[in-house]
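The file upload19.cif comes next; it holds mmCIF, C-alpha atoms.
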data_work
#
loop_
_atom_site.group_PDB
_atom_site.id
_atom_site.type_symbol
_atom_site.label_atom_id
_atom_site.label_comp_id
_atom_site.auth_asym_id
_atom_site.auth_seq_id
_atom_site.Cartn_x
_atom_site.Cartn_y
_atom_site.Cartn_z
ATOM 1 C CA MET A 1 214.002 -37.964 -40.213
ATOM 2 C CA ALA A 2 216.039 -36.864 -43.270
ATOM 3 C CA LEU A 3 213.457 -34.178 -44.010
ATOM 4 C CA LEU A 4 213.840 -32.811 -40.464
ATOM 5 C CA ARG A 5 217.646 -32.601 -40.821
ATOM 6 C CA GLY A 6 217.206 -30.709 -44.107
ATOM 7 C CA LYS A 7 214.882 -28.191 -42.460
ATOM 8 C CA ARG A 8 217.384 -27.677 -39.638
ATOM 9 C CA LYS A 9 220.151 -26.985 -42.153
ATOM 10 C CA ILE A 10 217.938 -24.510 -44.004
ATOM 11 C CA ALA A 11 217.005 -22.810 -40.725
ATOM 12 C CA ALA A 12 220.687 -22.560 -39.741
ATOM 13 C CA VAL A 13 221.628 -21.051 -43.119
ATOM 14 C CA VAL A 14 218.768 -18.530 -42.940
ATOM 15 C CA ALA A 15 219.682 -17.565 -39.358
ATOM 16 C CA GLY A 16 223.340 -17.168 -40.328
ATOM 17 C CA ALA A 17 222.451 -15.034 -43.341
ATOM 18 C CA ALA A 18 220.192 -12.851 -41.193
ATOM 19 C CA ALA A 19 223.021 -12.291 -38.685
ATOM 20 C CA LEU A 20 225.603 -11.420 -41.352
ATOM 21 C CA PRO A 21 224.591 -7.741 -41.835
ATOM 22 C CA VAL A 22 224.858 -7.176 -38.077
ATOM 23 C CA LEU A 23 228.322 -8.712 -37.979
ATOM 24 C CA LEU A 24 229.518 -6.685 -40.960
ATOM 25 C CA ALA A 25 227.900 -3.375 -40.000
ATOM 26 C CA PRO A 26 230.336 -0.490 -40.624
ATOM 27 C CA SER A 27 229.590 1.154 -37.282
ATOM 28 C CA ALA A 28 231.201 -1.808 -35.566
ATOM 29 C CA TRP A 29 234.596 -0.679 -36.851
ATOM 30 C CA ALA A 30 234.049 2.979 -37.689
ATOM 31 C CA ASN A 31 235.292 4.697 -34.501
ATOM 32 C CA TRP A 32 238.362 3.558 -32.603
ATOM 33 C CA SER A 33 241.092 4.624 -30.169
ATOM 34 C CA SER A 34 244.670 3.429 -29.940
ATOM 35 C CA TYR A 35 248.252 4.721 -29.760
ATOM 36 C CA MET A 36 251.393 4.725 -31.917
ATOM 37 C CA THR A 37 254.892 3.705 -30.861
ATOM 38 C CA ASP A 38 257.976 4.277 -33.030
ATOM 39 C CA ALA A 39 255.866 5.046 -36.108
ATOM 40 C CA THR A 40 258.041 6.085 -39.035
ATOM 41 C CA ILE A 41 257.265 7.882 -42.282
ATOM 42 C CA GLY A 42 255.079 5.506 -44.277
ATOM 43 C CA PHE A 43 253.358 4.016 -41.210
ATOM 44 C CA GLU A 44 249.728 3.102 -41.991
ATOM 45 C CA SER A 45 246.976 3.041 -39.381
ATOM 46 C CA ARG A 46 244.357 0.350 -39.082
ATOM 47 C CA ARG A 47 241.370 0.649 -41.414
ATOM 48 C CA TRP A 48 237.927 1.997 -40.545
ATOM 49 C CA ALA A 49 234.563 2.292 -42.293
ATOM 50 C CA ASP A 50 233.260 5.698 -43.222
ATOM 51 C CA GLU A 51 230.345 7.159 -45.142
ATOM 52 C CA SER A 52 230.988 10.900 -45.139
ATOM 53 C CA TYR A 53 233.138 12.432 -42.370
ATOM 54 C CA THR A 54 236.346 11.470 -40.551
ATOM 55 C CA GLU A 55 238.103 13.154 -37.653
ATOM 56 C CA VAL A 56 241.598 12.004 -36.601
ATOM 57 C CA ASN A 57 242.909 13.222 -33.218
ATOM 58 C CA PHE A 58 246.470 12.944 -31.854
ATOM 59 C CA LYS A 59 247.329 13.734 -28.234
ATOM 60 C CA GLY A 60 250.666 13.302 -26.489
ATOM 61 C CA CYS A 61 253.135 13.279 -29.403
ATOM 62 C CA ASN A 62 256.887 12.829 -29.055
ATOM 63 C CA ASN A 63 259.359 12.225 -31.835
ATOM 64 C CA SER A 64 263.032 11.576 -32.378
ATOM 65 C CA ARG A 65 263.677 15.066 -33.804
ATOM 66 C CA LEU A 66 262.468 18.445 -32.630
ATOM 67 C CA ASP A 67 258.948 17.641 -31.420
ATOM 68 C CA ASN A 68 257.284 20.128 -33.762
ATOM 69 C CA SER A 69 254.914 18.384 -36.142
ATOM 70 C CA VAL A 70 253.548 15.176 -37.627
ATOM 71 C CA GLY A 71 251.955 15.172 -41.071
ATOM 72 C CA ILE A 72 249.362 12.554 -41.974
ATOM 73 C CA GLN A 73 247.240 11.893 -45.027
ATOM 74 C CA ILE A 74 243.882 10.095 -45.078
ATOM 75 C CA TYR A 75 243.376 7.526 -47.842
ATOM 76 C CA GLN A 76 240.406 5.555 -49.093
ATOM 77 C CA ASP A 77 241.488 1.901 -49.297
ATOM 78 C CA ILE A 78 240.553 0.657 -52.775
ATOM 79 C CA ASN A 79 241.197 -2.983 -53.658
ATOM 80 C CA ASN A 80 243.290 -3.622 -56.774
ATOM 81 C CA TRP A 81 243.520 0.079 -57.583
ATOM 82 C CA PRO A 82 245.557 3.051 -56.310
ATOM 83 C CA ASP A 83 244.091 4.433 -53.071
ATOM 84 C CA ASN A 84 242.442 7.873 -53.141
ATOM 85 C CA GLY A 85 244.381 10.347 -51.007
ATOM 86 C CA TYR A 86 242.999 13.461 -49.339
ATOM 87 C CA GLY A 87 244.910 16.558 -48.220
ATOM 88 C CA GLU A 88 247.789 16.235 -45.763
ATOM 89 C CA LYS A 89 247.066 17.339 -42.202
ATOM 90 C CA THR A 90 249.869 18.765 -40.050
ATOM 91 C CA PHE A 91 249.530 18.119 -36.320
ATOM 92 C CA THR A 92 251.427 20.553 -34.083
ATOM 93 C CA LYS A 93 249.404 20.914 -30.866
ATOM 94 C CA CYS A 94 249.890 17.327 -29.672
ATOM 95 C CA PHE A 95 253.462 18.224 -28.571
ATOM 96 C CA ASP A 96 252.409 20.779 -25.954
ATOM 97 C CA GLY A 97 249.824 18.639 -24.164
ATOM 98 C CA GLY A 98 246.979 19.608 -26.466
ATOM 99 C CA THR A 99 245.158 17.677 -29.147
ATOM 100 C CA SER A 100 245.688 18.110 -32.880
ATOM 101 C CA THR A 101 242.771 17.306 -35.148
ATOM 102 C CA GLY A 102 242.496 16.651 -38.858
ATOM 103 C CA THR A 103 239.122 16.275 -40.579
ATOM 104 C CA GLU A 104 237.796 15.280 -43.994
ATOM 105 C CA SER A 105 234.170 15.549 -45.087
ATOM 106 C CA GLY A 106 232.269 14.580 -48.208
ATOM 107 C CA LEU A 107 233.955 11.171 -48.279
ATOM 108 C CA PRO A 108 232.375 8.388 -50.336
ATOM 109 C CA PRO A 109 231.416 5.225 -48.416
ATOM 110 C CA GLY A 110 234.358 2.874 -47.976
ATOM 111 C CA ALA A 111 237.324 1.798 -45.880
ATOM 112 C CA TYR A 112 239.885 4.431 -44.852
ATOM 113 C CA TYR A 113 243.267 4.697 -43.143
ATOM 114 C CA PHE A 114 245.886 7.366 -42.511
ATOM 115 C CA GLU A 115 249.576 7.305 -43.339
ATOM 116 C CA VAL A 116 252.362 9.231 -41.582
ATOM 117 C CA LYS A 117 253.739 11.428 -44.381
ATOM 118 C CA SER A 118 256.205 13.678 -42.521
ATOM 119 C CA ILE A 119 257.876 14.247 -39.160
ATOM 120 C CA ASP A 120 258.982 17.826 -38.419
ATOM 121 C CA GLY A 121 258.410 18.642 -42.089
ATOM 122 C CA ILE A 122 260.754 15.912 -43.350
ATOM 123 C CA SER A 123 259.065 13.451 -45.677
ATOM 124 C CA ASP A 124 261.970 11.472 -47.088
ATOM 125 C CA GLY A 125 263.518 8.613 -45.194
ATOM 126 C CA THR A 126 262.476 6.607 -42.172
ATOM 127 C CA LEU A 127 265.224 7.654 -39.765
ATOM 128 C CA PHE A 128 262.749 9.528 -37.578
ATOM 129 C CA ASN A 129 259.902 8.150 -35.546
ATOM 130 C CA VAL A 130 256.964 9.417 -33.536
ATOM 131 C CA ASP A 131 255.037 8.189 -30.493
ATOM 132 C CA VAL A 132 251.445 9.287 -29.909
ATOM 133 C CA SER A 133 249.891 8.342 -26.571
ATOM 134 C CA SER A 134 246.299 8.737 -27.833
ATOM 135 C CA VAL A 135 245.079 8.309 -31.415
ATOM 136 C CA THR A 136 241.324 8.454 -32.007
ATOM 137 C CA VAL A 137 239.267 8.199 -35.170
ATOM 138 C CA ASP A 138 235.711 9.508 -35.013
ATOM 139 C CA THR A 139 233.326 9.297 -37.967
ATOM 140 C CA THR A 140 230.467 11.087 -36.211
ATOM 141 C CA LEU A 141 229.985 14.635 -37.505
ATOM 142 C CA ALA A 142 227.634 15.677 -34.674
ATOM 143 C CA ASP A 143 230.220 15.988 -31.867
#

What does the file become when written as structure tokens?
Amino acid sequence: MALLRGKRKIAAVVAGAAALPVLLAPSAWANWSSYMTDATIGFESRRWADESYTEVNFKGCNNSRLDNSVGIQIYQDINNWPDNGYGEKTFTKCFDGGTSTGTESGLPPGAYYFEVKSIDGISDGTLFNVDVSSVTVDTTLAD
């Protein structure tokens, strides 16, 4: 009887270990859609997994200033070390009903996020905010 219980425990551990890669697969959290409300300079998005290419899309932007632009920067989230930043993207088309897109390619595998760096070209202070009705992150190059 004790031998049977031991085999069941081993079988449960093996089954759990086999399921772990599926649960932790990067594609499960690579692409996502959301929105932003009252985001200020310094706002950080949720994280996503990436292995090479990221596309960030904003549609339906409004801000507390002139409704001209939102600047974001994509970062690689590195534990216990400064995050790697990539060039700032300035989104201007999301204010006239269009979609603004920022892309980065050649990214090393890892977790990424974007940070709001400027609103209408102003990057100091958090007195201004921005709303974006549709934020999407797509890590699929073949769109």

* To do: For each of A:Thr90, A:Gln76, A:Ser134, A:Thr40, take the minimum atom-to-atom distance to Pro109 in chain A, counting only C-alpha atoms, then give the residue where this is smallest.
  =>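 Of all the options, A:Gln76 lies closest to Pro109 in chain A.
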
* Å distance separating CA of Phe114 in chain A from CA of Phe95 in chain A, one decimal place ->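 One can read the CA of Phe114 in chain A to CA of Phe95 in chain A distance as 19.2 Å.
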
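Closest approach to Phe91 in chain A among A:Ser69, A:Thr37, A:Thr103, A:Asn57 is made by A:Ser69 (distances from all atoms listed in the file).
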
* Do you know which residues lie at most 8 Å from (254.2, 17.7, -35.3), with coordinates as in the file and all atoms listed in the file counted, and could you write them as a list of chain:residue names? ->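 Residues lying no farther than 8 Å from the given point: A:Cys61, A:Asp67, A:Asn68, A:Ser69, A:Val70, A:Gly71, A:Thr90, A:Phe91, A:Thr92, A:Lys93, A:Cys94, A:Phe95, A:Ile119, A:Asp120.
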
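From CA of Ile74 in chain A back to CA of Ser45 in chain A, the distance works out to 9.6 Å.
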
* Asked: Taking into account all atoms listed in the file, which residue in the set A:Gly87, A:Gly97, A:Gly42, A:Gly110 is nearest to Ser123 in chain A?
  ->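 Ranking A:Gly87, A:Gly97, A:Gly42, A:Gly110 by distance to Ser123 in chain A, first place goes to A:Gly42.
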
* Asked: Using the chain letters and numbers from the file, which residues does the PyMOL selection byres ((chain A and resi 49) around 12) grab, as a ChimeraX atom specification?
  -> /A:24-32,46-48,50-54,75-77,107-113,137-140

For range 40-62 of chain A, supply N, CA, C and O atoms and report the output as an mmCIF file, in the frame of the given file.
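Written out: part.cif:
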data_model
loop_
_atom_site.group_PDB
_atom_site.id
_atom_site.type_symbol
_atom_site.label_atom_id
_atom_site.label_comp_id
_atom_site.auth_asym_id
_atom_site.auth_seq_id
_atom_site.Cartn_x
_atom_site.Cartn_y
_atom_site.Cartn_z
ATOM 1 N N THR A 40 257.151 5.379 -38.125
ATOM 2 C CA THR A 40 258.041 6.085 -39.035
ATOM 3 C C THR A 40 257.242 6.604 -40.228
ATOM 4 O O THR A 40 256.063 6.281 -40.393
ATOM 5 N N ILE A 41 257.893 7.386 -41.064
ATOM 6 C CA ILE A 41 257.265 7.882 -42.282
ATOM 7 C C ILE A 41 256.860 6.657 -43.115
ATOM 8 O O ILE A 41 257.650 5.735 -43.300
ATOM 9 N N GLY A 42 255.614 6.651 -43.552
ATOM 10 C CA GLY A 42 255.079 5.506 -44.277
ATOM 11 C C GLY A 42 254.219 4.597 -43.425
ATOM 12 O O GLY A 42 253.548 3.705 -43.951
ATOM 13 N N PHE A 43 254.205 4.815 -42.091
ATOM 14 C CA PHE A 43 253.358 4.016 -41.210
ATOM 15 C C PHE A 43 251.899 4.176 -41.615
ATOM 16 O O PHE A 43 251.432 5.287 -41.863
ATOM 17 N N GLU A 44 251.159 3.070 -41.686
ATOM 18 C CA GLU A 44 249.728 3.102 -41.991
ATOM 19 C C GLU A 44 248.931 2.652 -40.776
ATOM 20 O O GLU A 44 249.269 1.663 -40.140
ATOM 21 N N SER A 45 247.855 3.390 -40.493
ATOM 22 C CA SER A 45 246.976 3.041 -39.381
ATOM 23 C C SER A 45 246.113 1.836 -39.749
ATOM 24 O O SER A 45 246.098 1.394 -40.902
ATOM 25 N N ARG A 46 245.360 1.370 -38.785
ATOM 26 C CA ARG A 46 244.357 0.350 -39.082
ATOM 27 C C ARG A 46 243.253 0.981 -39.917
ATOM 28 O O ARG A 46 243.121 2.200 -39.982
ATOM 29 N N ARG A 47 242.446 0.164 -40.547
ATOM 30 C CA ARG A 47 241.370 0.649 -41.414
ATOM 31 C C ARG A 47 240.101 0.893 -40.605
ATOM 32 O O ARG A 47 239.906 0.305 -39.550
ATOM 33 N N TRP A 48 239.231 1.764 -41.138
ATOM 34 C CA TRP A 48 237.927 1.997 -40.545
ATOM 35 C C TRP A 48 236.921 2.259 -41.649
ATOM 36 O O TRP A 48 237.279 2.650 -42.748
ATOM 37 N N ALA A 49 235.646 2.037 -41.334
ATOM 38 C CA ALA A 49 234.563 2.292 -42.293
ATOM 39 C C ALA A 49 234.084 3.718 -42.136
ATOM 40 O O ALA A 49 234.030 4.248 -41.033
ATOM 41 N N ASP A 50 233.751 4.326 -43.263
ATOM 42 C CA ASP A 50 233.260 5.698 -43.222
ATOM 43 C C ASP A 50 232.266 5.908 -44.348
ATOM 44 O O ASP A 50 232.334 5.239 -45.368
ATOM 45 N N GLU A 51 231.353 6.857 -44.132
ATOM 46 C CA GLU A 51 230.345 7.159 -45.142
ATOM 47 C C GLU A 51 230.283 8.638 -45.486
ATOM 48 O O GLU A 51 229.510 9.035 -46.326
ATOM 49 N N SER A 52 231.060 9.493 -44.815
ATOM 50 C CA SER A 52 230.988 10.900 -45.139
ATOM 51 C C SER A 52 232.075 11.741 -44.456
ATOM 52 O O SER A 52 232.688 12.579 -45.084
ATOM 53 N N TYR A 53 232.318 11.521 -43.169
ATOM 54 C CA TYR A 53 233.138 12.432 -42.370
ATOM 55 C C TYR A 53 234.103 11.642 -41.495
ATOM 56 O O TYR A 53 233.716 10.654 -40.873
ATOM 57 N N THR A 54 235.349 12.085 -41.432
ATOM 58 C CA THR A 54 236.346 11.470 -40.551
ATOM 59 C C THR A 54 237.088 12.553 -39.789
ATOM 60 O O THR A 54 237.441 13.589 -40.347
ATOM 61 N N GLU A 55 237.315 12.280 -38.510
ATOM 62 C CA GLU A 55 238.103 13.154 -37.653
ATOM 63 C C GLU A 55 239.199 12.301 -37.013
ATOM 64 O O GLU A 55 238.902 11.295 -36.379
ATOM 65 N N VAL A 56 240.460 12.695 -37.206
ATOM 66 C CA VAL A 56 241.598 12.004 -36.601
ATOM 67 C C VAL A 56 242.195 12.934 -35.555
ATOM 68 O O VAL A 56 242.489 14.097 -35.847
ATOM 69 N N ASN A 57 242.357 12.434 -34.322
ATOM 70 C CA ASN A 57 242.909 13.222 -33.218
ATOM 71 C C ASN A 57 244.178 12.568 -32.696
ATOM 72 O O ASN A 57 244.207 11.357 -32.469
ATOM 73 N N PHE A 58 245.227 13.380 -32.494
ATOM 74 C CA PHE A 58 246.470 12.944 -31.854
ATOM 75 C C PHE A 58 246.621 13.739 -30.568
ATOM 76 O O PHE A 58 246.444 14.960 -30.564
ATOM 77 N N LYS A 59 247.009 13.057 -29.492
ATOM 78 C CA LYS A 59 247.329 13.734 -28.234
ATOM 79 C C LYS A 59 248.560 13.050 -27.632
ATOM 80 O O LYS A 59 248.652 11.828 -27.632
ATOM 81 N N GLY A 60 249.471 13.849 -27.129
ATOM 82 C CA GLY A 60 250.666 13.302 -26.489
ATOM 83 C C GLY A 60 251.694 12.799 -27.483
ATOM 84 O O GLY A 60 252.107 11.653 -27.426
ATOM 85 N N CYS A 61 252.138 13.669 -28.391
ATOM 86 C CA CYS A 61 253.135 13.279 -29.403
ATOM 87 C C CYS A 61 254.550 13.541 -28.896
ATOM 88 O O CYS A 61 254.812 14.534 -28.223
ATOM 89 N N ASN A 62 255.449 12.655 -29.257
ATOM 90 C CA ASN A 62 256.887 12.829 -29.055
ATOM 91 C C ASN A 62 257.576 12.198 -30.248
ATOM 92 O O ASN A 62 257.155 11.137 -30.708
#
